[in-house]
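Source file: data14.cif (mmCIF, C-alpha atoms)
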data_coords
loop_
_atom_site.label_atom_id
_atom_site.label_comp_id
_atom_site.auth_asym_id
_atom_site.auth_seq_id
_atom_site.Cartn_x
_atom_site.Cartn_y
_atom_site.Cartn_z
CA MET I 1 45.11 96.56 144.54
CA TRP I 2 48.36 95.59 146.27
CA THR I 3 48.08 91.97 145.25
CA TRP I 4 47.62 93.11 141.67
CA PHE I 5 50.69 95.26 142.04
CA HIS I 6 52.60 92.38 143.55
CA LYS I 7 51.64 90.09 140.71
CA LEU I 8 53.01 92.62 138.24
CA GLY I 9 56.41 92.14 139.85
CA SER I 10 56.34 88.43 139.06
CA PRO I 11 58.00 87.76 135.71
CA PRO I 12 55.49 85.29 134.18
CA HIS I 13 52.59 87.57 135.01
CA ALA I 14 54.28 90.70 133.74
CA TYR I 15 55.31 88.86 130.58
CA ARG I 16 51.73 87.92 129.82
CA ILE I 17 50.22 91.30 130.71
CA LEU I 18 52.79 93.17 128.62
CA GLY I 19 51.97 90.98 125.63
CA LYS I 20 48.28 91.78 126.00
CA MET I 21 48.90 95.49 126.49
CA ALA I 22 51.24 96.04 123.53
CA PRO I 23 48.60 96.31 120.74
CA TRP I 24 46.56 98.75 122.84
CA PHE I 25 49.54 101.07 122.69
CA GLY I 26 50.74 100.21 119.21
CA TRP I 27 47.66 100.75 117.05
CA PRO I 28 46.51 104.03 118.61
CA ALA I 29 50.12 105.24 118.35
CA LEU I 30 50.19 104.50 114.62
CA VAL I 31 46.86 106.25 114.01
CA LEU I 32 47.82 109.31 116.06
CA ILE I 33 51.22 109.67 114.40
CA LEU I 34 49.70 109.39 110.92
CA VAL I 35 46.94 111.92 111.68
CA ALA I 36 49.41 114.30 113.30
CA THR I 37 51.76 114.03 110.30
CA TRP I 38 48.93 114.82 107.87
CA TRP I 39 47.71 117.69 110.04
CA GLY I 40 51.18 119.08 110.63
CA LEU I 41 52.36 118.90 107.03
CA TRP I 42 49.15 119.60 105.14
CA LYS I 43 46.38 121.12 107.21
CA ALA I 44 48.26 123.47 109.54
CA PRO I 45 48.86 126.92 108.00
CA THR I 46 52.29 128.27 107.11
CA ASP I 47 54.02 130.24 109.86
CA TYR I 48 54.35 133.95 109.09
CA GLN I 49 57.94 134.10 110.38
CA GLN I 50 59.45 130.70 109.68
CA GLY I 51 57.50 129.70 106.60
CA ASP I 52 57.01 125.98 106.16
CA ALA I 53 60.25 125.13 107.94
CA TYR I 54 58.41 125.46 111.26
CA ARG I 55 56.65 122.14 110.45
CA ILE I 56 59.77 120.36 111.75
CA LEU I 57 58.44 121.42 115.16
CA TYR I 58 55.88 118.63 115.02
CA ILE I 59 58.54 115.95 115.16
CA HIS I 60 61.31 117.87 116.89
CA ALA I 61 59.47 118.93 120.04
CA PRO I 62 57.78 115.55 120.68
CA SER I 63 61.13 113.78 120.17
CA ALA I 64 62.84 116.14 122.59
CA TRP I 65 60.04 115.67 125.12
CA MET I 66 60.24 111.89 124.77
CA SER I 67 64.02 111.95 125.16
CA MET I 68 63.59 113.53 128.60
CA PHE I 69 60.52 111.52 129.57
CA ALA I 70 62.22 108.24 128.72
CA TYR I 71 65.27 109.22 130.74
CA VAL I 72 63.23 110.09 133.83
CA MET I 73 61.34 106.79 133.50
CA MET I 74 64.63 104.94 133.17
CA ALA I 75 66.06 106.66 136.27
CA VAL I 76 62.88 106.11 138.33
CA ALA I 77 62.82 102.41 137.40
CA ALA I 78 66.52 102.14 138.26
CA ALA I 79 65.92 103.79 141.65
CA ILE I 80 63.01 101.43 142.42
CA GLY I 81 65.19 98.49 141.46
CA LEU I 82 68.05 99.72 143.60
CA ILE I 83 66.01 100.58 146.71
CA TRP I 84 63.50 97.72 146.79
CA ARG I 85 65.61 95.22 144.88
CA ILE I 86 62.91 94.55 142.33
CA LYS I 87 64.37 92.73 139.36
CA ILE I 88 61.67 93.74 136.94
CA ALA I 89 62.29 97.43 137.67
CA HIS I 90 65.91 96.98 136.58
CA ALA I 91 64.64 95.16 133.51
CA ALA I 92 62.33 98.08 132.69
CA SER I 93 65.19 100.52 133.10
CA ALA I 94 67.35 98.52 130.70
CA ALA I 95 64.50 98.11 128.21
CA GLY I 96 63.85 101.87 128.05
CA ALA I 97 67.42 102.96 127.28
CA PRO I 98 67.58 102.24 123.53
CA ILE I 99 64.14 103.77 122.98
CA GLY I 100 65.15 106.94 124.82
CA ALA I 101 68.46 107.07 122.97
CA SER I 102 66.72 106.91 119.60
CA PHE I 103 64.39 109.79 120.51
CA THR I 104 67.36 111.82 121.73
CA PHE I 105 69.11 111.22 118.43
CA LEU I 106 65.95 112.31 116.61
CA ALA I 107 65.63 115.47 118.69
CA LEU I 108 69.24 116.40 117.92
CA ALA I 109 69.05 115.51 114.23
CA THR I 110 65.71 117.21 113.49
CA GLY I 111 66.83 120.21 115.54
CA SER I 112 69.97 120.42 113.47
CA ILE I 113 68.00 120.22 110.22
CA TRP I 114 65.69 122.95 111.52
CA GLY I 115 68.59 125.05 112.75
CA LYS I 116 70.30 125.29 109.37
CA PRO I 117 67.62 127.37 107.57
CA MET I 118 66.51 129.29 110.70
CA TRP I 119 69.78 130.05 112.49
CA GLY I 120 72.15 129.58 109.56
CA THR I 121 74.07 126.81 111.29
CA TRP I 122 73.68 123.08 111.90
CA TRP I 123 75.10 123.23 115.39
CA VAL I 124 76.13 125.66 118.15
CA TRP I 125 77.68 124.79 121.48
CA ASP I 126 75.03 126.51 123.54
CA ALA I 127 73.37 125.26 126.71
CA ARG I 128 70.29 123.61 125.20
CA LEU I 129 72.09 121.74 122.45
CA THR I 130 75.05 120.75 124.58
CA SER I 131 72.90 119.42 127.43
CA GLU I 132 70.76 117.43 124.98
CA LEU I 133 73.94 115.98 123.46
CA LEU I 134 75.04 115.07 126.98
CA LEU I 135 71.73 113.23 127.36
CA LEU I 136 72.56 111.13 124.33
CA PHE I 137 75.95 110.30 125.82
CA LEU I 138 74.27 109.37 129.11
CA TYR I 139 72.04 106.89 127.29
CA LEU I 140 74.98 105.47 125.34
CA GLY I 141 77.13 105.34 128.48
CA TYR I 142 74.35 103.57 130.33
CA MET I 143 74.04 100.93 127.61
CA ALA I 144 77.80 100.50 127.30
CA LEU I 145 78.13 100.11 131.07
CA ARG I 146 75.45 97.42 131.09
CA ALA I 147 77.14 95.58 128.27
CA SER I 148 80.48 95.60 130.06
CA PHE I 149 79.28 93.33 132.89
CA ASP I 150 78.79 89.61 132.54
CA ASP I 151 76.83 89.38 135.76
CA PRO I 152 73.38 90.94 135.14
CA GLN I 153 72.91 91.87 138.80
CA ARG I 154 76.12 93.85 138.92
CA ALA I 155 75.22 95.43 135.60
CA ASP I 156 71.85 96.43 137.09
CA ARG I 157 73.37 98.07 140.14
CA ALA I 158 76.18 99.91 138.38
CA SER I 159 74.03 101.21 135.53
CA ALA I 160 71.26 102.22 137.96
CA VAL I 161 73.67 104.55 139.75
CA LEU I 162 74.65 106.14 136.45
CA ALA I 163 71.00 106.56 135.43
CA ILE I 164 70.10 108.20 138.75
CA VAL I 165 73.06 110.58 138.80
CA GLY I 166 72.42 111.56 135.19
CA VAL I 167 68.84 112.64 135.90
CA ILE I 168 70.27 115.99 137.08
CA ASN I 169 70.74 116.78 133.40
CA VAL I 170 67.00 116.69 132.64
CA PRO I 171 65.98 119.91 134.45
CA ILE I 172 69.14 121.51 133.04
CA ILE I 173 67.92 120.74 129.51
CA HIS I 174 64.45 122.05 130.26
CA TYR I 175 65.50 125.33 131.89
CA SER I 176 68.61 125.90 129.76
CA VAL I 177 66.69 128.29 127.48
CA GLN I 178 65.84 130.45 130.49
CA TRP I 179 69.10 130.25 132.40
CA TRP I 180 71.48 130.98 129.55
CA THR I 181 71.29 133.05 126.41
CA THR I 182 70.88 130.75 123.49
CA LEU I 183 69.83 130.59 119.87
CA HIS I 184 67.15 128.11 120.79
CA GLN I 185 63.68 129.58 121.04
CA PRO I 186 62.10 129.58 124.50
CA ALA I 187 59.21 127.28 125.41
CA SER I 188 55.98 128.22 123.68
CA VAL I 189 53.70 125.47 124.95
CA THR I 190 54.73 124.51 128.49
CA LYS I 191 54.22 127.97 129.90
CA MET I 192 52.23 128.96 132.94
CA ASP I 193 49.96 131.34 131.03
CA ARG I 194 48.38 130.54 127.70
CA PRO I 195 50.57 128.91 125.07
CA SER I 196 51.75 131.39 122.46
CA ILE I 197 50.78 129.35 119.43
CA ALA I 198 47.53 129.12 117.46
CA LEU I 199 45.21 126.22 118.21
CA VAL I 200 45.18 124.85 114.65
CA MET I 201 48.98 124.67 114.88
CA LEU I 202 48.90 123.34 118.45
CA ILE I 203 46.57 120.37 117.92
CA PRO I 204 48.92 118.37 115.63
CA LEU I 205 51.70 118.95 118.15
CA PHE I 206 49.61 117.42 120.92
CA LEU I 207 48.52 114.56 118.66
CA MET I 208 52.12 113.80 117.80
CA MET I 209 53.16 113.96 121.45
CA ALA I 210 50.38 111.56 122.40
CA GLY I 211 51.33 109.31 119.48
CA PHE I 212 55.00 109.24 120.48
CA GLN I 213 54.03 108.59 124.08
CA LEU I 214 51.91 105.60 123.10
CA TYR I 215 54.62 104.41 120.74
CA TYR I 216 57.05 104.48 123.67
CA GLY I 217 54.54 102.35 125.62
CA TRP I 218 54.39 99.84 122.80
CA ALA I 219 58.16 99.62 122.40
CA MET I 220 58.54 99.26 126.17
CA CYS I 221 56.09 96.32 126.23
CA ARG I 222 58.03 94.52 123.52
CA ARG I 223 61.50 95.22 124.86
CA LEU I 224 60.58 94.52 128.47
CA ARG I 225 59.22 91.12 127.45
CA GLY I 226 62.54 90.32 125.83
CA GLU I 227 64.39 91.59 128.88
CA ILE I 228 62.29 89.38 131.18
CA LEU I 229 63.00 86.30 129.06
CA ARG I 230 66.72 87.03 129.08
CA ARG I 231 66.76 87.29 132.87
CA GLU I 232 64.64 84.26 133.67
CA ARG I 233 67.28 81.88 132.56
CA ASN I 234 66.14 78.65 134.13
CA ALA I 235 62.64 79.34 135.36
CA GLY I 236 60.05 76.65 134.75
CA TRP I 237 57.35 79.01 133.49
CA LEU I 238 59.33 79.69 130.34
CA LYS I 239 58.13 76.41 128.88
CA GLU I 240 54.52 77.51 129.08
CA ALA I 241 55.33 81.01 127.87
CA ASN I 242 56.82 79.64 124.71
CA MET S 1 46.50 123.70 98.21
CA ASP S 2 47.99 121.92 95.19
CA LEU S 3 50.41 119.04 95.43
CA GLN S 4 53.36 120.81 93.85
CA LYS S 5 53.21 123.56 96.43
CA PHE S 6 52.85 120.96 99.16
CA PHE S 7 56.02 119.15 98.16
CA ALA S 8 57.93 122.40 97.75
CA MET S 9 57.27 123.33 101.40
CA GLY S 10 57.74 127.02 100.70
CA GLY S 11 61.33 126.43 99.59
CA TYR S 12 62.22 124.40 102.66
CA ALA S 13 61.48 121.05 101.02
CA GLY S 14 64.95 119.59 101.61
CA PHE S 15 64.85 120.40 105.30
CA VAL S 16 61.27 119.46 106.07
CA TRP S 17 61.23 116.22 104.11
CA SER S 18 64.61 115.03 105.32
CA ALA S 19 63.56 115.68 108.93
CA TYR S 20 60.31 113.74 108.46
CA GLY S 21 62.04 111.00 106.49
CA LEU S 22 64.65 110.58 109.20
CA THR S 23 61.94 110.40 111.85
CA ALA S 24 60.10 107.71 109.91
CA LEU S 25 63.36 105.81 109.49
CA VAL S 26 64.19 105.92 113.20
CA LEU S 27 60.68 104.87 114.21
CA VAL S 28 60.71 101.96 111.77
CA TRP S 29 64.15 100.90 112.97
CA ASN S 30 62.97 101.16 116.58
CA THR S 31 59.94 99.00 115.83
CA TRP S 32 62.03 96.40 114.09
CA ALA S 33 64.67 96.42 116.87
CA ALA S 34 62.03 96.01 119.59
CA TYR S 35 60.49 93.04 117.76
CA ARG S 36 63.88 91.50 117.10
CA SER S 37 65.02 91.90 120.70
CA GLU S 38 61.89 90.07 121.87
CA THR S 39 62.00 87.25 119.34
CA GLU S 40 65.72 86.72 119.89
CA ALA S 41 65.15 86.38 123.62
CA ARG S 42 62.28 83.99 122.97
CA THR S 43 64.23 81.69 120.66
CA SER S 44 67.22 81.57 123.01
CA ALA S 45 64.88 80.84 125.94
CA GLN S 46 63.28 78.10 123.87
CA ARG S 47 66.65 76.59 123.12
CA ARG S 48 67.56 76.66 126.79
CA THR S 49 64.39 74.96 127.96
CA GLU S 50 64.71 72.31 125.28
CA LEU S 51 68.30 71.70 126.31
CA SER S 52 67.39 71.29 129.96
CA ARG S 53 64.63 68.87 129.00
CA GLU S 54 67.05 66.78 126.98
CA THR S 55 69.63 66.57 129.73
CA ARG S 56 66.97 65.51 132.23
CA THR S 57 65.72 62.58 130.21
#
Show the structure stored in the file as structure tokens.
Amino acid sequence: MWTWFHKLGSPPHAYRILGKMAPWFGWPALVLILVATWWGLWKAPTDYQQGDAYRILYIHAPSAWMSMFAYVMMAVAAAIGLIWRIKIAHAASAAGAPIGASFTFLALATGSIWGKPMWGTWWVWDARLTSELLLLFLYLGYMALRASFDDPQRADRASAVLAIVGVINVPIIHYSVQWWTTLHQPASVTKMDRPSIALVMLIPLFLMMAGFQLYYGWAMCRRLRGEILRRERNAGWLKEAN
Amino acid sequence: MDLQKFFAMGGYAGFVWSAYGLTALVLVWNTWAAYRSETEARTSAQRRTELSRETRT
């Protein structure tokens, strides 16, 4: 098991494994997202309070979840890279940033589109929305910081510190609806007791979450491969990999 | 459910469809960007290895 793990840290091995893994994430992701979209838009019944506008939930909540998940993954990879000096962990951290940023943008944008008919406004400066916006800026700051270094190792170290410090924001986003009064509705699925949403409405949400999660896996495989190639500037194995 | 009602989304058509359209757009962009980032890295790596081979011979 440990040798397998060790091999994964070696760039040529990881490059090959990631290439093999990518379609196993990609195709199920596509199927799940399509099924969830059909179920969420067509099959699920209309909400008695929000009408059909509630259907934005099926893309908004999974995007918001992915925005936080991707950030935690990015920070964990950065920490592993910083502590054990594993290059590929830094590469994974860098590869995840644009994916996470795009989900954060989606969470904000779909939330805004949902907010207009439900709250009467596109945006309010409350805790949930502001902390999610801060998350977007953390992603953008992370990417900008990386781009500002010529030396990839210094870029790795500096951006890793930013990623790790910024992780404080994730629990703030999650609990913001409990800690502060806000327009945003409280959690209806991730509750300790039973979720307060009907099963036929809940299933497409889970399908979409699973689909987004797999999609993230696919995008990570592709981007991490690119990141590995960029870092292995003069290694001999590149000739065989091409 | 008939199609006209489906597209009307109970009067929220503009909101629901723009949200889903935007999501599709971002996912497609993301897919394209991930592919491009990989192929770009591969072609530049190819160029590098070819260059080093030329200088050696």
Margin query: Can you work out which residues from chain I touch chain S at a cut-off of 8 Å (counting all atoms listed in the file) and hand them back as a PyMOL selection string?
Written below: chain I and resi 42+51-53+55-56+59+99+102+106+109-110+113-114+117+219+222-223+225-227+229-230+233-234+238-239+242
Check: So how many Å separate atom CA of Leu136 of chain I and atom CA of Gly100 of chain I, to one decimal?
Finding: 8.5 Å
Next item on the list: Could you tell me how far atom CA of Gly166 of chain I lies from atom CA of Trp179 of chain I, in Å and to one decimal?
Entry: 19.2 Å
Notebook entry, point to check: Written as a ChimeraX atom specification, what is the full residue list that the PyMOL selection byres ((chain I and resi 19-26) around 9) yields on the file shown?
Noted result: /I:14-18,27-31,213-222,225
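For the choices I:Leu41, I:Leu57, I:Ala187, I:Met66, the atom-to-atom distance to Ser112 of chain I is smallest for I:Leu57 when using all atoms listed in the file.
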Notebook entry, point to check: Once you count all atoms listed in the file, which residues end up no further than 12 Å from (53.1, 129.5, 111.9) in the file's frame, shown as a ChimeraX atom specification?
Noted result: /I:40-41,43-58,196-202
